[in-house]
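For reference, the structure is listed below as structure tokens.
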Amino acid sequence: MSGHSKWHSIKHKKAAIDAKRGKLFTKIIKELTVAAKMGGGDPVANPRLRTAILAAKDANMPKDTLEKAVKKGAGELPGVSFEDSVYEGYGPGGVAVFVEVSTDNKNRTAAEIRHVFTRHGGSLGAVGCVAWMFTRKGVITIPADQISEEKLMEVGLEAGADDLKSEEDTHFVYTNPTALHDVRAAIEAQGIKVSSGEVRMLPTNTVRVEGKEAEQIIRLMETLEDHEDVTKVSANFDIPDEVFEKIGS
């Protein structure tokens, strides 16, 4: 598994802590608002909104908070207007980093993201400079104690999944973005608890980093993930297990 996959696993484990701090809710509310603004407030006709609603439910967001965010995005309630934006650049060791944000002030966010890259040994680049190194995929996260890898592979592939990977105590099912909801529904129909399901940019190749550069890229990822406007961060780093464990300890 690449370092990016390890990072995704660690990020998932931190979600409960982030929820307590309110960070996760803030990010999901923004996504609900933007999704409803772009595709309307009906989740049946708006796949992006449907994904955001499931993420809100996965995070145990109160129903009234969820509904209010959707109504604001659909124009039924007054609220701040958020816009999607993408930033691309390179981290230490030439690692490609793809950052997705939702912001009400692009100038402020651009300056802050640039500063984060610079402070952690990276550099912000032009739009398109690293996007070609990633592909957009649906990612369904499942606790490993819910089902064996072999059984999940059988269920997932039959439902239309593309691939399955296991990392420590977590299974990751990968799908075409348009098949995410159908595959998740098929898995849940088997009585399997799904932790999360989202569309992400996944790297098509990886860059191996060690030592100081490995520490820097982890710090860069952490800082970007913690930024209030950042919704998703993807990177193509690969860190040896022993080095990754040392950094995380």
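All residue names refer to the structure tokens as shown: chains lettered A, B, ... in order, residues numbered from 1 in each chain, ligands numbered from 1 in order.
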DSSP-assigned strand (DSSP E) members of stretch 196-238 of chain A, reported as a list in words: Ser196, Gly197, Glu198, Val199, Arg200, Met201, Leu202, Pro203, Val207, Arg208, Val230, Thr231, Lys232, Val233, Ser234, Ala235, Phe237 and Asp238 of chain A
List every residue of stretch 97-153 of chain A that has an atom at most 10 Å from any atom of stretch 27-39 of chain A, giving for each one its closest atom pair and the distance in Å to one decimal, counting only C-alpha atoms, sorted by chain and then by ascending residue number, as JSON lines.
{"residue": "A:Val101", "atom": "CA", "partner": "A:Lys27", "partner_atom": "CA", "distance": 9.3}
{"residue": "A:Ser102", "atom": "CA", "partner": "A:Lys30", "partner_atom": "CA", "distance": 6.6}
{"residue": "A:Thr103", "atom": "CA", "partner": "A:Lys30", "partner_atom": "CA", "distance": 8.2}
{"residue": "A:Asp104", "atom": "CA", "partner": "A:Lys30", "partner_atom": "CA", "distance": 9.8}
Residue list (helix (DSSP H, G or I), DSSP) for stretch 7-249 of chain A, as a ChimeraX atom specification: /A:7-21,23-39,47-58,63-73,92-94,106-119,131-133,144-146,149-159,177-188,211-226,241-248
Restrict the calculation to only C-alpha atoms, then for each residue of stretch 39-124 of chain A with any atom at most 12 Å from an atom of stretch 228-240 of chain A give the closest atom pair and their distance in Å to one decimal, rows by chain and rising residue number, as CSV.
residue,atom,partner,partner_atom,distance
A:Ala52,CA,A:Thr231,CA,11.4
A:Phe82,CA,A:Asp229,CA,9.6
A:Glu83,CA,A:Asp229,CA,10.1
A:Asp84,CA,A:Thr231,CA,9.4
A:Ser85,CA,A:Val230,CA,9.4
A:Val86,CA,A:Val230,CA,9.4
A:Tyr87,CA,A:Val233,CA,9.7
A:Glu88,CA,A:Ser234,CA,9.8
A:Gly89,CA,A:Ala235,CA,9.7
A:Tyr90,CA,A:Ala235,CA,8.9
A:Gly91,CA,A:Ala235,CA,8.6
A:Pro92,CA,A:Phe237,CA,9.6
A:Gly93,CA,A:Phe237,CA,8.8
A:Gly94,CA,A:Phe237,CA,8.9
A:Val95,CA,A:Phe237,CA,5.7
A:Ala96,CA,A:Ala235,CA,5.5
A:Val97,CA,A:Ala235,CA,4.4
A:Phe98,CA,A:Ser234,CA,5.1
A:Val99,CA,A:Val233,CA,4.6
A:Glu100,CA,A:Lys232,CA,5.2
A:Val101,CA,A:Val230,CA,4.2
A:Ser102,CA,A:Asp229,CA,5.4
A:Thr103,CA,A:Asp229,CA,5.5
A:Asp104,CA,A:Asp229,CA,8.7
A:Asn105,CA,A:Asp229,CA,9.5
A:Lys106,CA,A:Asp229,CA,9.8
A:Arg108,CA,A:Asp229,CA,10.2
A:Thr109,CA,A:Asp229,CA,7.2
A:Ala110,CA,A:Asp229,CA,10.2
A:Glu112,CA,A:Asp229,CA,9.9
A:Ile113,CA,A:Val230,CA,9.0
A:Val116,CA,A:Val230,CA,11.8
Within 9 Å of stretch 193-201 of chain A using only C-alpha atoms, minus same-chain residues under 3 positions, as a ChimeraX atom specification: /A:12,48,51-52,54-55,58-59,98,131,134-143,146,175-177,180-181,184,187-188,190,232-235
Please produce an output containing N, CA and C atoms for each residue in the selection, written as an mmCIF file, in the first residue's frame.
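Below is the file that was written, again_13.cif:
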data_model
loop_
_atom_site.group_PDB
_atom_site.id
_atom_site.type_symbol
_atom_site.label_atom_id
_atom_site.label_comp_id
_atom_site.auth_asym_id
_atom_site.auth_seq_id
_atom_site.Cartn_x
_atom_site.Cartn_y
_atom_site.Cartn_z
ATOM 1 N N HIS A 12 -8.981 8.595 8.541
ATOM 2 C CA HIS A 12 -10.282 8.029 8.909
ATOM 3 C C HIS A 12 -10.384 7.823 10.420
ATOM 4 N N ARG A 48 -23.892 14.211 -6.175
ATOM 5 C CA ARG A 48 -22.932 14.829 -5.265
ATOM 6 C C ARG A 48 -23.589 15.143 -3.917
ATOM 7 N N THR A 51 -24.034 11.955 -1.917
ATOM 8 C CA THR A 51 -22.789 11.558 -1.257
ATOM 9 C C THR A 51 -22.546 12.396 -0.015
ATOM 10 N N ALA A 52 -22.795 13.705 -0.109
ATOM 11 C CA ALA A 52 -22.582 14.598 1.033
ATOM 12 C C ALA A 52 -23.536 14.271 2.179
ATOM 13 N N LEU A 54 -24.822 11.319 2.850
ATOM 14 C CA LEU A 54 -24.346 10.084 3.470
ATOM 15 C C LEU A 54 -23.150 10.363 4.378
ATOM 16 N N ALA A 55 -22.263 11.281 3.941
ATOM 17 C CA ALA A 55 -21.115 11.653 4.774
ATOM 18 C C ALA A 55 -21.585 12.307 6.066
ATOM 19 N N ASP A 58 -22.867 9.559 8.248
ATOM 20 C CA ASP A 58 -21.748 8.782 8.771
ATOM 21 C C ASP A 58 -21.116 9.487 9.973
ATOM 22 N N ALA A 59 -21.125 10.826 9.931
ATOM 23 C CA ALA A 59 -20.525 11.623 11.004
ATOM 24 C C ALA A 59 -21.522 11.934 12.124
ATOM 25 N N PHE A 98 -2.683 17.374 -4.546
ATOM 26 C CA PHE A 98 -3.909 17.900 -5.158
ATOM 27 C C PHE A 98 -4.859 18.284 -4.036
ATOM 28 N N ALA A 131 -2.652 17.277 -11.743
ATOM 29 C CA ALA A 131 -3.944 16.579 -11.856
ATOM 30 C C ALA A 131 -3.848 15.312 -12.705
ATOM 31 N N PHE A 134 -3.461 11.797 -11.127
ATOM 32 C CA PHE A 134 -4.512 11.257 -10.280
ATOM 33 C C PHE A 134 -5.719 10.849 -11.115
ATOM 34 N N THR A 135 -6.533 9.970 -10.546
ATOM 35 C CA THR A 135 -7.792 9.602 -11.178
ATOM 36 C C THR A 135 -8.889 9.653 -10.116
ATOM 37 N N ARG A 136 -10.069 10.101 -10.500
ATOM 38 C CA ARG A 136 -11.155 10.252 -9.531
ATOM 39 C C ARG A 136 -11.865 8.904 -9.344
ATOM 40 N N LYS A 137 -11.966 8.494 -8.087
ATOM 41 C CA LYS A 137 -12.557 7.199 -7.756
ATOM 42 C C LYS A 137 -13.484 7.320 -6.548
ATOM 43 N N GLY A 138 -14.475 6.419 -6.490
ATOM 44 C CA GLY A 138 -15.275 6.286 -5.293
ATOM 45 C C GLY A 138 -14.518 5.409 -4.316
ATOM 46 N N VAL A 139 -14.526 5.784 -3.036
ATOM 47 C CA VAL A 139 -13.814 5.013 -2.009
ATOM 48 C C VAL A 139 -14.776 4.721 -0.865
ATOM 49 N N ILE A 140 -15.015 3.443 -0.593
ATOM 50 C CA ILE A 140 -15.887 3.010 0.495
ATOM 51 C C ILE A 140 -15.009 2.393 1.572
ATOM 52 N N THR A 141 -15.140 2.896 2.802
ATOM 53 C CA THR A 141 -14.306 2.452 3.918
ATOM 54 C C THR A 141 -15.124 1.562 4.857
ATOM 55 N N ILE A 142 -14.572 0.385 5.176
ATOM 56 C CA ILE A 142 -15.297 -0.610 5.973
ATOM 57 C C ILE A 142 -14.370 -1.195 7.048
ATOM 58 N N PRO A 143 -14.804 -1.259 8.302
ATOM 59 C CA PRO A 143 -13.992 -1.903 9.343
ATOM 60 C C PRO A 143 -13.727 -3.364 8.986
ATOM 61 N N GLN A 146 -15.872 -6.366 10.159
ATOM 62 C CA GLN A 146 -17.235 -6.519 9.666
ATOM 63 C C GLN A 146 -17.375 -7.675 8.683
ATOM 64 N N THR A 175 -14.414 2.214 -6.541
ATOM 65 C CA THR A 175 -15.425 2.124 -7.589
ATOM 66 C C THR A 175 -15.284 3.267 -8.584
ATOM 67 N N ASN A 176 -15.971 3.127 -9.707
ATOM 68 C CA ASN A 176 -16.176 4.279 -10.575
ATOM 69 C C ASN A 176 -17.029 5.264 -9.783
ATOM 70 N N PRO A 177 -16.762 6.577 -9.863
ATOM 71 C CA PRO A 177 -17.549 7.538 -9.087
ATOM 72 C C PRO A 177 -19.058 7.388 -9.253
ATOM 73 N N LEU A 180 -20.559 4.522 -7.025
ATOM 74 C CA LEU A 180 -20.322 4.556 -5.581
ATOM 75 C C LEU A 180 -21.566 4.201 -4.774
ATOM 76 N N HIS A 181 -22.690 4.834 -5.076
ATOM 77 C CA HIS A 181 -23.893 4.631 -4.271
ATOM 78 C C HIS A 181 -24.464 3.218 -4.421
ATOM 79 N N ARG A 184 -22.139 0.800 -2.525
ATOM 80 C CA ARG A 184 -22.334 0.960 -1.079
ATOM 81 C C ARG A 184 -23.653 0.319 -0.634
ATOM 82 N N ILE A 187 -23.369 -3.438 -0.496
ATOM 83 C CA ILE A 187 -22.583 -3.882 0.663
ATOM 84 C C ILE A 187 -23.418 -3.787 1.935
ATOM 85 N N GLU A 188 -24.120 -2.680 2.109
ATOM 86 C CA GLU A 188 -24.935 -2.487 3.308
ATOM 87 C C GLU A 188 -26.115 -3.457 3.346
ATOM 88 N N GLN A 190 -25.979 -6.431 2.780
ATOM 89 C CA GLN A 190 -25.481 -7.671 3.360
ATOM 90 C C GLN A 190 -25.340 -7.569 4.886
ATOM 91 N N LYS A 232 -10.666 18.103 0.688
ATOM 92 C CA LYS A 232 -9.950 16.856 0.431
ATOM 93 C C LYS A 232 -8.517 17.168 -0.001
ATOM 94 N N VAL A 233 -7.605 16.294 0.401
ATOM 95 C CA VAL A 233 -6.204 16.406 -0.013
ATOM 96 C C VAL A 233 -5.747 15.045 -0.519
ATOM 97 N N SER A 234 -5.108 15.028 -1.680
ATOM 98 C CA SER A 234 -4.567 13.792 -2.235
ATOM 99 C C SER A 234 -3.096 14.008 -2.570
ATOM 100 N N ALA A 235 -2.293 12.967 -2.377
ATOM 101 C CA ALA A 235 -0.862 13.067 -2.677
ATOM 102 C C ALA A 235 -0.348 11.697 -3.100
#
Å distance separating atom CA of A:Gly40 from atom CA of A:Lys57, one decimal place: 19.1 Å
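Taking atom CA of A:Leu124 and atom CA of A:Thr206 as the two end points, the separation is 18.8 Å.
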Between atom CA of A:Pro43 and atom CA of A:Val80, distance in Å (one decimal):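 Taking atom CA of A:Pro43 as the start and atom CA of A:Val80 as the end point, the length is 20.9 Å.
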Nearest to A:Glu222 by atom-to-atom distance, counting only C-alpha atoms, from A:Thr204, A:Ile53, A:Ile147, A:His120: A:His120
